[in-house]
Amino acid sequence: MLYPLTDKTRIPAFVQACTFERVFGSKVLTALQAYGLSDPNARFYLCEKDGSPAAALYLAEGVLVVSASGEANPDEIAALIRQESAGEVDTHWELCDLLRKRLGGRTESSYFMSYQGEPPEGTCPGISTGRLPEAFNVLRQSHEYYRSHLEYNTWSAGWARRLSLGLSELYQVERDGKVIATGSIASEDETCGVIAAVAVLPAWRRQGLGSEISRFLTRRILEKGKTPRLIAGYDAVAELYRKVGFTTCGRWGELYLV
């Protein structure tokens, strides 16, 4: 059974479902903390199987994020996607593939990664608290997704809300007064922090900046007593993070329907 999360008494079950997949689960949980149950800009759903939580879902701006166990019913989730005309679904690979078979569309996939071990060595000269306009500029110049799928006003509104509430952290690296790289802790739960949006302007690549930022963010999460996790956008990126000390812990899927 899948239904909107409107009853506050069901939040513990929803939080439990957020633990099924820590990267997407922390994103869903962070969004719930940022928006609550009454904000029209974000909607939350709980999927149950035999009275037990099976998936936590978060829908905003046409993107559905799903933290699901193997008990989640893909037909119910597919029906929600059709009902809400969602254009993108982020979840673990097995569910993503099942949804593709029901809905069509195209998929992308790479690895969930987790860091185990001591804080990595190294420094990141010039890193400081990030500013949203400069960070978005670096991301747009670095990633096709930011150019083709995201508008600054929408992207920055969500980030500004999370930053103001202390739910996310944004950083940037400057050289000669110009922002040339960025990175963030996009979401957290009680056990993990998720590194995201690490990007370096093309002219400054191949100098180790991305690794320096990733190590900085990894240390920052470890200082909180949490496990650093992330999504490697491509297999080649996963190889770079392995050199930092991350290991693969699953496979994610992204389903595009428009």
# chains A, B, ... in the order shown; residues from 1 in each chain; ligands from 1

call {"tool": "closest_atom_pairs", "arguments": {"of": "region 186-235 of chain A", "to": "region 14-24 of chain A", "cutoff": "9 Å", "atoms": "only C-alpha atoms", "output": "Markdown table"}}
result
| residue | atom | partner | partner_atom | distance |
| --- | --- | --- | --- | --- |
| A:Ser187 | CA | A:Val23 | CA | 8.1 |
| A:Glu188 | CA | A:Val23 | CA | 8.4 |
| A:Asp189 | CA | A:Arg22 | CA | 8.0 |
| A:Thr191 | CA | A:Arg22 | CA | 8.7 |
| A:Cys192 | CA | A:Arg22 | CA | 7.3 |
| A:Gly193 | CA | A:Val23 | CA | 8.1 |
| A:Val194 | CA | A:Val23 | CA | 6.3 |
| A:Arg229 | CA | A:Val23 | CA | 6.7 |
| A:Leu230 | CA | A:Val23 | CA | 6.6 |
| A:Ile231 | CA | A:Val23 | CA | 7.6 |

call {"tool": "residues_around", "arguments": {"residues": "Gly210 (chain A)", "least_positions_apart": "6", "cutoff": "12 Å", "atoms": "only C-alpha atoms", "output": "tab-separated table (two decimals) with C-alpha atoms, in the first residue's frame"}}
result
chain	number	residue	atom	x	y	z
A	123	THR	CA	44.82	19.68	2.53
A	124	CYS	CA	42.58	21.77	0.31
A	127	ILE	CA	38.50	26.20	0.38
A	142	SER	CA	31.23	20.97	-15.43
A	172	GLN	CA	34.09	26.45	-2.86
A	173	VAL	CA	37.73	26.80	-3.86
A	180	ILE	CA	37.12	27.40	-9.72
A	181	ALA	CA	35.68	24.41	-7.84
A	182	THR	CA	32.88	23.39	-5.52
A	183	GLY	CA	31.66	20.50	-3.38
A	184	SER	CA	29.04	19.82	-0.76
A	195	ILE	CA	29.08	14.03	-0.56
A	196	ALA	CA	27.68	15.55	-3.76
A	197	ALA	CA	28.20	18.13	-6.49
A	198	VAL	CA	31.99	18.02	-6.51
A	199	ALA	CA	33.04	19.91	-9.64
A	200	VAL	CA	36.08	21.69	-11.03
A	201	LEU	CA	36.10	24.14	-13.94
A	202	PRO	CA	37.51	22.43	-17.07
A	204	TRP	CA	41.58	23.66	-13.69
A	216	PHE	CA	38.12	17.62	2.82
A	217	LEU	CA	34.43	16.65	2.76
A	237	VAL	CA	34.40	8.69	-11.38
A	240	LEU	CA	38.79	8.19	-8.83
A	241	TYR	CA	36.92	7.84	-5.52
A	243	LYS	CA	41.81	6.19	-4.90
A	244	VAL	CA	40.49	8.48	-2.17

call {"tool": "residues_around", "arguments": {"residues": "Pro133 (chain A)", "least_positions_apart": "4", "cutoff": "10 Å", "atoms": "only C-alpha atoms", "output": "count of residues only"}}
result
6

call {"tool": "closest_residue", "arguments": {"among": "A:Asn73, A:Thr6, A:Gln116, A:Thr227", "to": "Cys47 (chain A)", "atoms": "only C-alpha atoms"}}
result
A:Asn73

call {"tool": "closest_residue", "arguments": {"among": "A:Leu32, A:Ala13, A:Met113, A:Ile77", "to": "Trp252 (chain A)", "atoms": "only C-alpha atoms"}}
result
A:Met113

call {"tool": "select_by_dssp", "arguments": {"residues": "region 105-237 of chain A", "states": "alpha helix (DSSP H)", "output": "PyMOL selection string"}}
result
chain A and resi 132-142+144-149+152-164+209-223+235-237

call {"tool": "residues_around", "arguments": {"residues": "Val63 (chain A)", "least_positions_apart": "6", "cutoff": "7 Å", "atoms": "only C-alpha atoms", "output": "list of chain:residue names"}}
result
A:Ala86, A:Gly87, A:Glu88, A:Val89

call {"tool": "write_last_selection", "arguments": {"atoms": "all heavy atoms", "output": "PDB file, in the first residue's frame"}}
result
ATOM      1  N   ALA A  86       5.817  12.351 -13.000  1.00  0.00           N
ATOM      2  CA  ALA A  86       7.226  12.539 -12.660  1.00  0.00           C
ATOM      3  C   ALA A  86       8.094  12.274 -13.881  1.00  0.00           C
ATOM      4  O   ALA A  86       7.853  11.331 -14.632  1.00  0.00           O
ATOM      5  CB  ALA A  86       7.615  11.604 -11.515  1.00  0.00           C
ATOM      6  N   GLY A  87       9.101  13.100 -14.067  1.00  0.00           N
ATOM      7  CA  GLY A  87       9.974  12.950 -15.224  1.00  0.00           C
ATOM      8  C   GLY A  87      11.273  12.250 -14.926  1.00  0.00           C
ATOM      9  O   GLY A  87      11.999  11.856 -15.851  1.00  0.00           O
ATOM     10  N   GLU A  88      11.591  12.077 -13.634  1.00  0.00           N
ATOM     11  CA  GLU A  88      12.848  11.437 -13.250  1.00  0.00           C
ATOM     12  C   GLU A  88      12.624  10.676 -11.952  1.00  0.00           C
ATOM     13  O   GLU A  88      11.915  11.143 -11.065  1.00  0.00           O
ATOM     14  CB  GLU A  88      13.943  12.495 -13.056  1.00  0.00           C
ATOM     15  CG  GLU A  88      15.285  11.944 -12.599  1.00  0.00           C
ATOM     16  CD  GLU A  88      16.314  13.034 -12.361  1.00  0.00           C
ATOM     17  OE1 GLU A  88      16.242  14.087 -13.031  1.00  0.00           O
ATOM     18  OE2 GLU A  88      17.179  12.843 -11.483  1.00  0.00           O
ATOM     19  N   VAL A  89      13.241   9.501 -11.855  1.00  0.00           N
ATOM     20  CA  VAL A  89      13.152   8.685 -10.652  1.00  0.00           C
ATOM     21  C   VAL A  89      14.558   8.273 -10.254  1.00  0.00           C
ATOM     22  O   VAL A  89      15.321   7.743 -11.064  1.00  0.00           O
ATOM     23  CB  VAL A  89      12.293   7.425 -10.870  1.00  0.00           C
ATOM     24  CG1 VAL A  89      12.149   6.647  -9.553  1.00  0.00           C
ATOM     25  CG2 VAL A  89      10.925   7.780 -11.438  1.00  0.00           C
TER      26      VAL A  89
END

call {"tool": "residues_around", "arguments": {"residues": "Leu170 (chain A)", "least_positions_apart": "3", "cutoff": "9 Å", "atoms": "only C-alpha atoms", "output": "ChimeraX atom specification"}}
result
/A:128-132,135,159,163,182-186

call {"tool": "closest_residue", "arguments": {"among": "A:Arg219, A:Lys27, A:Arg242, A:Lys226", "to": "Ser168 (chain A)", "atoms": "only C-alpha atoms"}}
result
A:Lys27

call {"tool": "atom_distance", "arguments": {"atom1": "CA of Gly62 (chain A)", "atom2": "CA of Pro12 (chain A)"}}
result
25.5 Å

call {"tool": "atom_distance", "arguments": {"atom1": "CA of Thr218 (chain A)", "atom2": "CA of Gly122 (chain A)"}}
result
11.2 Å

call {"tool": "residues_around", "arguments": {"residues": "region 90-103 of chain A", "least_positions_apart": "3", "cutoff": "9 Å", "atoms": "only C-alpha atoms", "output": "list in words"}}
result
Glu21, Phe24, Val63, Leu64, Val65, Val66, Ser67, Ala68, Gly70, Ala72, Pro74, Asp75, Ile77, Ala78, Ile81, Arg82, Arg106, Thr107, Ser109, Ser110, Phe112, Gly250, Arg251, Trp252, Gly253, Glu254, Leu255, Tyr256 and Leu257 of chain A

call {"tool": "select_by_dssp", "arguments": {"residues": "region 55-222 of chain A", "states": "strand (DSSP E or B)", "output": "PDB file with N, CA, C and O atoms, in the first residue's frame"}}
result
ATOM      1  N   ALA A  55       9.087   1.489   1.661  1.00  0.00           N
ATOM      2  CA  ALA A  55       9.767   2.540   0.901  1.00  0.00           C
ATOM      3  C   ALA A  55       9.348   3.904   1.412  1.00  0.00           C
ATOM      4  O   ALA A  55       8.210   4.106   1.842  1.00  0.00           O
ATOM      5  N   ALA A  56      10.300   4.843   1.376  1.00  0.00           N
ATOM      6  CA  ALA A  56      10.035   6.257   1.629  1.00  0.00           C
ATOM      7  C   ALA A  56      10.271   6.999   0.336  1.00  0.00           C
ATOM      8  O   ALA A  56      11.307   6.799  -0.323  1.00  0.00           O
ATOM      9  N   LEU A  57       9.331   7.863  -0.055  1.00  0.00           N
ATOM     10  CA  LEU A  57       9.401   8.547  -1.345  1.00  0.00           C
ATOM     11  C   LEU A  57       9.256  10.050  -1.149  1.00  0.00           C
ATOM     12  O   LEU A  57       8.466  10.508  -0.307  1.00  0.00           O
ATOM     13  N   TYR A  58       9.996  10.796  -1.960  1.00  0.00           N
ATOM     14  CA  TYR A  58       9.994  12.262  -1.892  1.00  0.00           C
ATOM     15  C   TYR A  58       9.891  12.790  -3.317  1.00  0.00           C
ATOM     16  O   TYR A  58      10.693  12.430  -4.187  1.00  0.00           O
ATOM     17  N   LEU A  59       8.894  13.633  -3.568  1.00  0.00           N
ATOM     18  CA  LEU A  59       8.649  14.181  -4.901  1.00  0.00           C
ATOM     19  C   LEU A  59       8.724  15.692  -4.859  1.00  0.00           C
ATOM     20  O   LEU A  59       8.043  16.340  -4.069  1.00  0.00           O
ATOM     21  N   ALA A  60       9.568  16.256  -5.715  1.00  0.00           N
ATOM     22  CA  ALA A  60       9.668  17.713  -5.856  1.00  0.00           C
ATOM     23  C   ALA A  60      10.180  18.034  -7.249  1.00  0.00           C
ATOM     24  O   ALA A  60      11.083  17.371  -7.763  1.00  0.00           O
ATOM     25  N   VAL A  63      10.835  15.280  -9.808  1.00  0.00           N
ATOM     26  CA  VAL A  63      11.826  14.236  -9.512  1.00  0.00           C
ATOM     27  C   VAL A  63      11.363  13.445  -8.296  1.00  0.00           C
ATOM     28  O   VAL A  63      11.091  14.021  -7.238  1.00  0.00           O
ATOM     29  N   LEU A  64      11.265  12.129  -8.448  1.00  0.00           N
ATOM     30  CA  LEU A  64      10.867  11.245  -7.365  1.00  0.00           C
ATOM     31  C   LEU A  64      12.101  10.505  -6.853  1.00  0.00           C
ATOM     32  O   LEU A  64      12.783   9.820  -7.617  1.00  0.00           O
ATOM     33  N   VAL A  65      12.398  10.665  -5.565  1.00  0.00           N
ATOM     34  CA  VAL A  65      13.523   9.977  -4.922  1.00  0.00           C
ATOM     35  C   VAL A  65      12.954   8.894  -4.027  1.00  0.00           C
ATOM     36  O   VAL A  65      12.042   9.150  -3.236  1.00  0.00           O
ATOM     37  N   VAL A  66      13.505   7.674  -4.150  1.00  0.00           N
ATOM     38  CA  VAL A  66      12.923   6.527  -3.464  1.00  0.00           C
ATOM     39  C   VAL A  66      13.999   5.769  -2.692  1.00  0.00           C
ATOM     40  O   VAL A  66      15.008   5.344  -3.269  1.00  0.00           O
ATOM     41  N   SER A  67      13.777   5.590  -1.397  1.00  0.00           N
ATOM     42  CA  SER A  67      14.561   4.667  -0.582  1.00  0.00           C
ATOM     43  C   SER A  67      13.678   3.455  -0.331  1.00  0.00           C
ATOM     44  O   SER A  67      12.665   3.562   0.359  1.00  0.00           O
ATOM     45  N   ALA A  68      14.066   2.310  -0.911  1.00  0.00           N
ATOM     46  CA  ALA A  68      13.153   1.168  -0.900  1.00  0.00           C
ATOM     47  C   ALA A  68      13.864  -0.119  -0.516  1.00  0.00           C
ATOM     48  O   ALA A  68      15.039  -0.325  -0.820  1.00  0.00           O
ATOM     49  N   GLU A  88      11.591  12.077 -13.634  1.00  0.00           N
ATOM     50  CA  GLU A  88      12.848  11.437 -13.250  1.00  0.00           C
ATOM     51  C   GLU A  88      12.624  10.676 -11.952  1.00  0.00           C
ATOM     52  O   GLU A  88      11.915  11.143 -11.065  1.00  0.00           O
ATOM     53  N   VAL A  89      13.241   9.501 -11.855  1.00  0.00           N
ATOM     54  CA  VAL A  89      13.152   8.685 -10.652  1.00  0.00           C
ATOM     55  C   VAL A  89      14.558   8.273 -10.254  1.00  0.00           C
ATOM     56  O   VAL A  89      15.321   7.743 -11.064  1.00  0.00           O
ATOM     57  N   ASP A  90      14.907   8.493  -8.987  1.00  0.00           N
ATOM     58  CA  ASP A  90      16.206   8.100  -8.437  1.00  0.00           C
ATOM     59  C   ASP A  90      15.978   7.049  -7.371  1.00  0.00           C
ATOM     60  O   ASP A  90      15.293   7.310  -6.367  1.00  0.00           O
ATOM     61  N   THR A  91      16.574   5.864  -7.560  1.00  0.00           N
ATOM     62  CA  THR A  91      16.397   4.778  -6.606  1.00  0.00           C
ATOM     63  C   THR A  91      17.496   3.752  -6.823  1.00  0.00           C
ATOM     64  O   THR A  91      18.411   3.974  -7.628  1.00  0.00           O
ATOM     65  N   HIS A  92      17.443   2.624  -6.118  1.00  0.00           N
ATOM     66  CA  HIS A  92      18.459   1.599  -6.347  1.00  0.00           C
ATOM     67  C   HIS A  92      18.191   0.891  -7.677  1.00  0.00           C
ATOM     68  O   HIS A  92      17.080   0.913  -8.209  1.00  0.00           O
ATOM     69  N   ARG A 106      14.605   5.949 -20.296  1.00  0.00           N
ATOM     70  CA  ARG A 106      16.013   5.543 -20.370  1.00  0.00           C
ATOM     71  C   ARG A 106      16.635   5.624 -18.974  1.00  0.00           C
ATOM     72  O   ARG A 106      16.173   6.387 -18.124  1.00  0.00           O
ATOM     73  N   THR A 107      17.659   4.833 -18.768  1.00  0.00           N
ATOM     74  CA  THR A 107      18.270   4.759 -17.450  1.00  0.00           C
ATOM     75  C   THR A 107      19.759   5.088 -17.504  1.00  0.00           C
ATOM     76  O   THR A 107      20.412   4.934 -18.539  1.00  0.00           O
ATOM     77  N   GLU A 108      20.265   5.546 -16.378  1.00  0.00           N
ATOM     78  CA  GLU A 108      21.695   5.680 -16.149  1.00  0.00           C
ATOM     79  C   GLU A 108      22.000   5.005 -14.820  1.00  0.00           C
ATOM     80  O   GLU A 108      21.140   4.922 -13.948  1.00  0.00           O
ATOM     81  N   SER A 109      23.234   4.543 -14.670  1.00  0.00           N
ATOM     82  CA  SER A 109      23.571   3.851 -13.437  1.00  0.00           C
ATOM     83  C   SER A 109      25.070   3.854 -13.210  1.00  0.00           C
ATOM     84  O   SER A 109      25.859   3.861 -14.155  1.00  0.00           O
ATOM     85  N   SER A 110      25.443   3.882 -11.955  1.00  0.00           N
ATOM     86  CA  SER A 110      26.820   3.657 -11.546  1.00  0.00           C
ATOM     87  C   SER A 110      26.759   3.157 -10.105  1.00  0.00           C
ATOM     88  O   SER A 110      25.854   2.398  -9.779  1.00  0.00           O
ATOM     89  N   TYR A 111      27.679   3.588  -9.252  1.00  0.00           N
ATOM     90  CA  TYR A 111      27.820   2.967  -7.946  1.00  0.00           C
ATOM     91  C   TYR A 111      27.453   3.879  -6.778  1.00  0.00           C
ATOM     92  O   TYR A 111      27.724   5.073  -6.802  1.00  0.00           O
ATOM     93  N   PHE A 112      26.843   3.271  -5.750  1.00  0.00           N
ATOM     94  CA  PHE A 112      26.879   3.840  -4.415  1.00  0.00           C
ATOM     95  C   PHE A 112      28.260   3.528  -3.854  1.00  0.00           C
ATOM     96  O   PHE A 112      28.789   2.430  -4.052  1.00  0.00           O
ATOM     97  N   MET A 113      28.834   4.471  -3.102  1.00  0.00           N
ATOM     98  CA  MET A 113      30.150   4.243  -2.519  1.00  0.00           C
ATOM     99  C   MET A 113      30.159   4.700  -1.066  1.00  0.00           C
ATOM    100  O   MET A 113      29.449   5.631  -0.691  1.00  0.00           O
ATOM    101  N   SER A 114      30.962   4.009  -0.265  1.00  0.00           N
ATOM    102  CA  SER A 114      31.043   4.289   1.168  1.00  0.00           C
ATOM    103  C   SER A 114      32.508   4.318   1.578  1.00  0.00           C
ATOM    104  O   SER A 114      33.332   3.577   1.035  1.00  0.00           O
ATOM    105  N   TYR A 115      32.824   5.178   2.540  1.00  0.00           N
ATOM    106  CA  TYR A 115      34.202   5.322   3.020  1.00  0.00           C
ATOM    107  C   TYR A 115      34.350   4.610   4.355  1.00  0.00           C
ATOM    108  O   TYR A 115      33.559   4.823   5.270  1.00  0.00           O
ATOM    109  N   ILE A 127      39.890  26.601   0.247  1.00  0.00           N
ATOM    110  CA  ILE A 127      38.496  26.197   0.379  1.00  0.00           C
ATOM    111  C   ILE A 127      37.818  27.034   1.461  1.00  0.00           C
ATOM    112  O   ILE A 127      38.427  27.384   2.479  1.00  0.00           O
ATOM    113  N   SER A 128      36.559  27.386   1.216  1.00  0.00           N
ATOM    114  CA  SER A 128      35.790  28.213   2.142  1.00  0.00           C
ATOM    115  C   SER A 128      34.314  27.920   1.948  1.00  0.00           C
ATOM    116  O   SER A 128      33.916  27.170   1.044  1.00  0.00           O
ATOM    117  N   THR A 129      33.495  28.513   2.797  1.00  0.00           N
ATOM    118  CA  THR A 129      32.052  28.355   2.658  1.00  0.00           C
ATOM    119  C   THR A 129      31.603  28.827   1.283  1.00  0.00           C
ATOM    120  O   THR A 129      32.013  29.893   0.815  1.00  0.00           O
ATOM    121  N   GLU A 169      25.838  21.464   3.666  1.00  0.00           N
ATOM    122  CA  GLU A 169      27.019  22.327   3.703  1.00  0.00           C
ATOM    123  C   GLU A 169      27.549  22.488   2.281  1.00  0.00           C
ATOM    124  O   GLU A 169      27.635  21.519   1.528  1.00  0.00           O
ATOM    125  N   LEU A 170      27.909  23.719   1.931  1.00  0.00           N
ATOM    126  CA  LEU A 170      28.403  24.027   0.597  1.00  0.00           C
ATOM    127  C   LEU A 170      29.759  24.709   0.698  1.00  0.00           C
ATOM    128  O   LEU A 170      29.937  25.621   1.514  1.00  0.00           O
ATOM    129  N   TYR A 171      30.703  24.269  -0.136  1.00  0.00           N
ATOM    130  CA  TYR A 171      32.052  24.821  -0.113  1.00  0.00           C
ATOM    131  C   TYR A 171      32.507  25.178  -1.522  1.00  0.00           C
ATOM    132  O   TYR A 171      31.960  24.674  -2.515  1.00  0.00           O
ATOM    133  N   GLN A 172      33.513  26.066  -1.584  1.00  0.00           N
ATOM    134  CA  GLN A 172      34.089  26.449  -2.863  1.00  0.00           C
ATOM    135  C   GLN A 172      35.591  26.651  -2.698  1.00  0.00           C
ATOM    136  O   GLN A 172      36.090  26.882  -1.605  1.00  0.00           O
ATOM    137  N   VAL A 173      36.299  26.560  -3.827  1.00  0.00           N
ATOM    138  CA  VAL A 173      37.733  26.802  -3.857  1.00  0.00           C
ATOM    139  C   VAL A 173      37.989  27.978  -4.791  1.00  0.00           C
ATOM    140  O   VAL A 173      37.454  28.027  -5.909  1.00  0.00           O
ATOM    141  N   GLU A 174      38.785  28.915  -4.311  1.00  0.00           N
ATOM    142  CA  GLU A 174      39.111  30.102  -5.107  1.00  0.00           C
ATOM    143  C   GLU A 174      40.588  30.131  -5.446  1.00  0.00           C
ATOM    144  O   GLU A 174      41.431  29.686  -4.665  1.00  0.00           O
ATOM    145  N   ARG A 175      40.880  30.668  -6.601  1.00  0.00           N
ATOM    146  CA  ARG A 175      42.239  30.978  -7.008  1.00  0.00           C
ATOM    147  C   ARG A 175      42.226  32.376  -7.623  1.00  0.00           C
ATOM    148  O   ARG A 175      41.455  32.637  -8.556  1.00  0.00           O
ATOM    149  N   LYS A 178      38.829  34.005  -8.025  1.00  0.00           N
ATOM    150  CA  LYS A 178      37.829  33.373  -8.884  1.00  0.00           C
ATOM    151  C   LYS A 178      37.475  31.995  -8.332  1.00  0.00           C
ATOM    152  O   LYS A 178      38.353  31.216  -7.965  1.00  0.00           O
ATOM    153  N   VAL A 179      36.177  31.692  -8.278  1.00  0.00           N
ATOM    154  CA  VAL A 179      35.731  30.376  -7.819  1.00  0.00           C
ATOM    155  C   VAL A 179      35.945  29.379  -8.952  1.00  0.00           C
ATOM    156  O   VAL A 179      35.385  29.528 -10.041  1.00  0.00           O
ATOM    157  N   ILE A 180      36.764  28.365  -8.676  1.00  0.00           N
ATOM    158  CA  ILE A 180      37.120  27.398  -9.724  1.00  0.00           C
ATOM    159  C   ILE A 180      36.634  25.987  -9.425  1.00  0.00           C
ATOM    160  O   ILE A 180      36.713  25.116 -10.299  1.00  0.00           O
ATOM    161  N   ALA A 181      36.119  25.754  -8.209  1.00  0.00           N
ATOM    162  CA  ALA A 181      35.675  24.407  -7.844  1.00  0.00           C
ATOM    163  C   ALA A 181      34.677  24.487  -6.704  1.00  0.00           C
ATOM    164  O   ALA A 181      34.633  25.472  -5.960  1.00  0.00           O
ATOM    165  N   THR A 182      33.894  23.431  -6.563  1.00  0.00           N
ATOM    166  CA  THR A 182      32.880  23.393  -5.518  1.00  0.00           C
ATOM    167  C   THR A 182      32.649  21.961  -5.061  1.00  0.00           C
ATOM    168  O   THR A 182      33.045  20.999  -5.746  1.00  0.00           O
ATOM    169  N   GLY A 183      32.025  21.809  -3.903  1.00  0.00           N
ATOM    170  CA  GLY A 183      31.661  20.501  -3.375  1.00  0.00           C
ATOM    171  C   GLY A 183      30.746  20.687  -2.189  1.00  0.00           C
ATOM    172  O   GLY A 183      30.676  21.777  -1.601  1.00  0.00           O
ATOM    173  N   SER A 184      30.036  19.640  -1.810  1.00  0.00           N
ATOM    174  CA  SER A 184      29.036  19.815  -0.757  1.00  0.00           C
ATOM    175  C   SER A 184      28.800  18.529   0.027  1.00  0.00           C
ATOM    176  O   SER A 184      29.115  17.428  -0.439  1.00  0.00           O
ATOM    177  N   ILE A 185      28.262  18.712   1.221  1.00  0.00           N
ATOM    178  CA  ILE A 185      27.598  17.638   1.954  1.00  0.00           C
ATOM    179  C   ILE A 185      26.113  17.906   1.765  1.00  0.00           C
ATOM    180  O   ILE A 185      25.546  18.817   2.368  1.00  0.00           O
ATOM    181  N   ALA A 186      25.499  17.157   0.880  1.00  0.00           N
ATOM    182  CA  ALA A 186      24.147  17.492   0.435  1.00  0.00           C
ATOM    183  C   ALA A 186      23.080  17.076   1.428  1.00  0.00           C
ATOM    184  O   ALA A 186      22.044  17.737   1.548  1.00  0.00           O
ATOM    185  N   SER A 187      23.304  15.970   2.128  1.00  0.00           N
ATOM    186  CA  SER A 187      22.289  15.471   3.053  1.00  0.00           C
ATOM    187  C   SER A 187      22.956  14.618   4.113  1.00  0.00           C
ATOM    188  O   SER A 187      24.091  14.156   3.939  1.00  0.00           O
ATOM    189  N   GLU A 188      22.228  14.407   5.206  1.00  0.00           N
ATOM    190  CA  GLU A 188      22.738  13.586   6.301  1.00  0.00           C
ATOM    191  C   GLU A 188      21.581  12.857   6.963  1.00  0.00           C
ATOM    192  O   GLU A 188      20.425  13.276   6.889  1.00  0.00           O
ATOM    193  N   CYS A 192      25.171   8.754   8.461  1.00  0.00           N
ATOM    194  CA  CYS A 192      25.973   9.033   7.273  1.00  0.00           C
ATOM    195  C   CYS A 192      25.802  10.468   6.796  1.00  0.00           C
ATOM    196  O   CYS A 192      24.817  11.139   7.109  1.00  0.00           O
ATOM    197  N   GLY A 193      26.801  10.931   6.062  1.00  0.00           N
ATOM    198  CA  GLY A 193      26.738  12.202   5.344  1.00  0.00           C
ATOM    199  C   GLY A 193      27.052  11.937   3.894  1.00  0.00           C
ATOM    200  O   GLY A 193      27.932  11.118   3.575  1.00  0.00           O
ATOM    201  N   VAL A 194      26.346  12.604   3.004  1.00  0.00           N
ATOM    202  CA  VAL A 194      26.458  12.313   1.573  1.00  0.00           C
ATOM    203  C   VAL A 194      27.192  13.439   0.850  1.00  0.00           C
ATOM    204  O   VAL A 194      26.750  14.596   0.858  1.00  0.00           O
ATOM    205  N   ILE A 195      28.304  13.092   0.237  1.00  0.00           N
ATOM    206  CA  ILE A 195      29.079  14.031  -0.563  1.00  0.00           C
ATOM    207  C   ILE A 195      28.437  14.136  -1.948  1.00  0.00           C
ATOM    208  O   ILE A 195      28.062  13.131  -2.547  1.00  0.00           O
ATOM    209  N   ALA A 196      28.305  15.358  -2.451  1.00  0.00           N
ATOM    210  CA  ALA A 196      27.677  15.545  -3.760  1.00  0.00           C
ATOM    211  C   ALA A 196      28.216  16.803  -4.421  1.00  0.00           C
ATOM    212  O   ALA A 196      28.849  17.651  -3.778  1.00  0.00           O
ATOM    213  N   ALA A 197      27.929  16.904  -5.715  1.00  0.00           N
ATOM    214  CA  ALA A 197      28.199  18.127  -6.486  1.00  0.00           C
ATOM    215  C   ALA A 197      29.641  18.596  -6.354  1.00  0.00           C
ATOM    216  O   ALA A 197      29.905  19.785  -6.191  1.00  0.00           O
ATOM    217  N   VAL A 198      30.578  17.650  -6.444  1.00  0.00           N
ATOM    218  CA  VAL A 198      31.990  18.022  -6.508  1.00  0.00           C
ATOM    219  C   VAL A 198      32.320  18.308  -7.969  1.00  0.00           C
ATOM    220  O   VAL A 198      32.117  17.456  -8.834  1.00  0.00           O
ATOM    221  N   ALA A 199      32.787  19.511  -8.249  1.00  0.00           N
ATOM    222  CA  ALA A 199      33.043  19.909  -9.636  1.00  0.00           C
ATOM    223  C   ALA A 199      34.191  20.896  -9.697  1.00  0.00           C
ATOM    224  O   ALA A 199      34.374  21.717  -8.800  1.00  0.00           O
ATOM    225  N   VAL A 200      34.941  20.816 -10.786  1.00  0.00           N
ATOM    226  CA  VAL A 200      36.080  21.692 -11.032  1.00  0.00           C
ATOM    227  C   VAL A 200      35.943  22.250 -12.445  1.00  0.00           C
ATOM    228  O   VAL A 200      35.607  21.514 -13.375  1.00  0.00           O
TER     229      VAL A 200
END

call {"tool": "closest_residue", "arguments": {"among": "A:Leu167, A:Val258, A:Ile213, A:Ala236", "to": "Ser148 (chain A)", "atoms": "only C-alpha atoms"}}
result
A:Val258

call {"tool": "closest_residue", "arguments": {"among": "A:Arg147, A:Arg215, A:Arg161, A:Arg140", "to": "Gln33 (chain A)", "atoms": "only C-alpha atoms"}}
result
A:Arg161

call {"tool": "closest_residue", "arguments": {"among": "A:Glu144, A:Asp176, A:Glu190, A:Asp39", "to": "Gly25 (chain A)", "atoms": "only C-alpha atoms"}}
result
A:Glu190
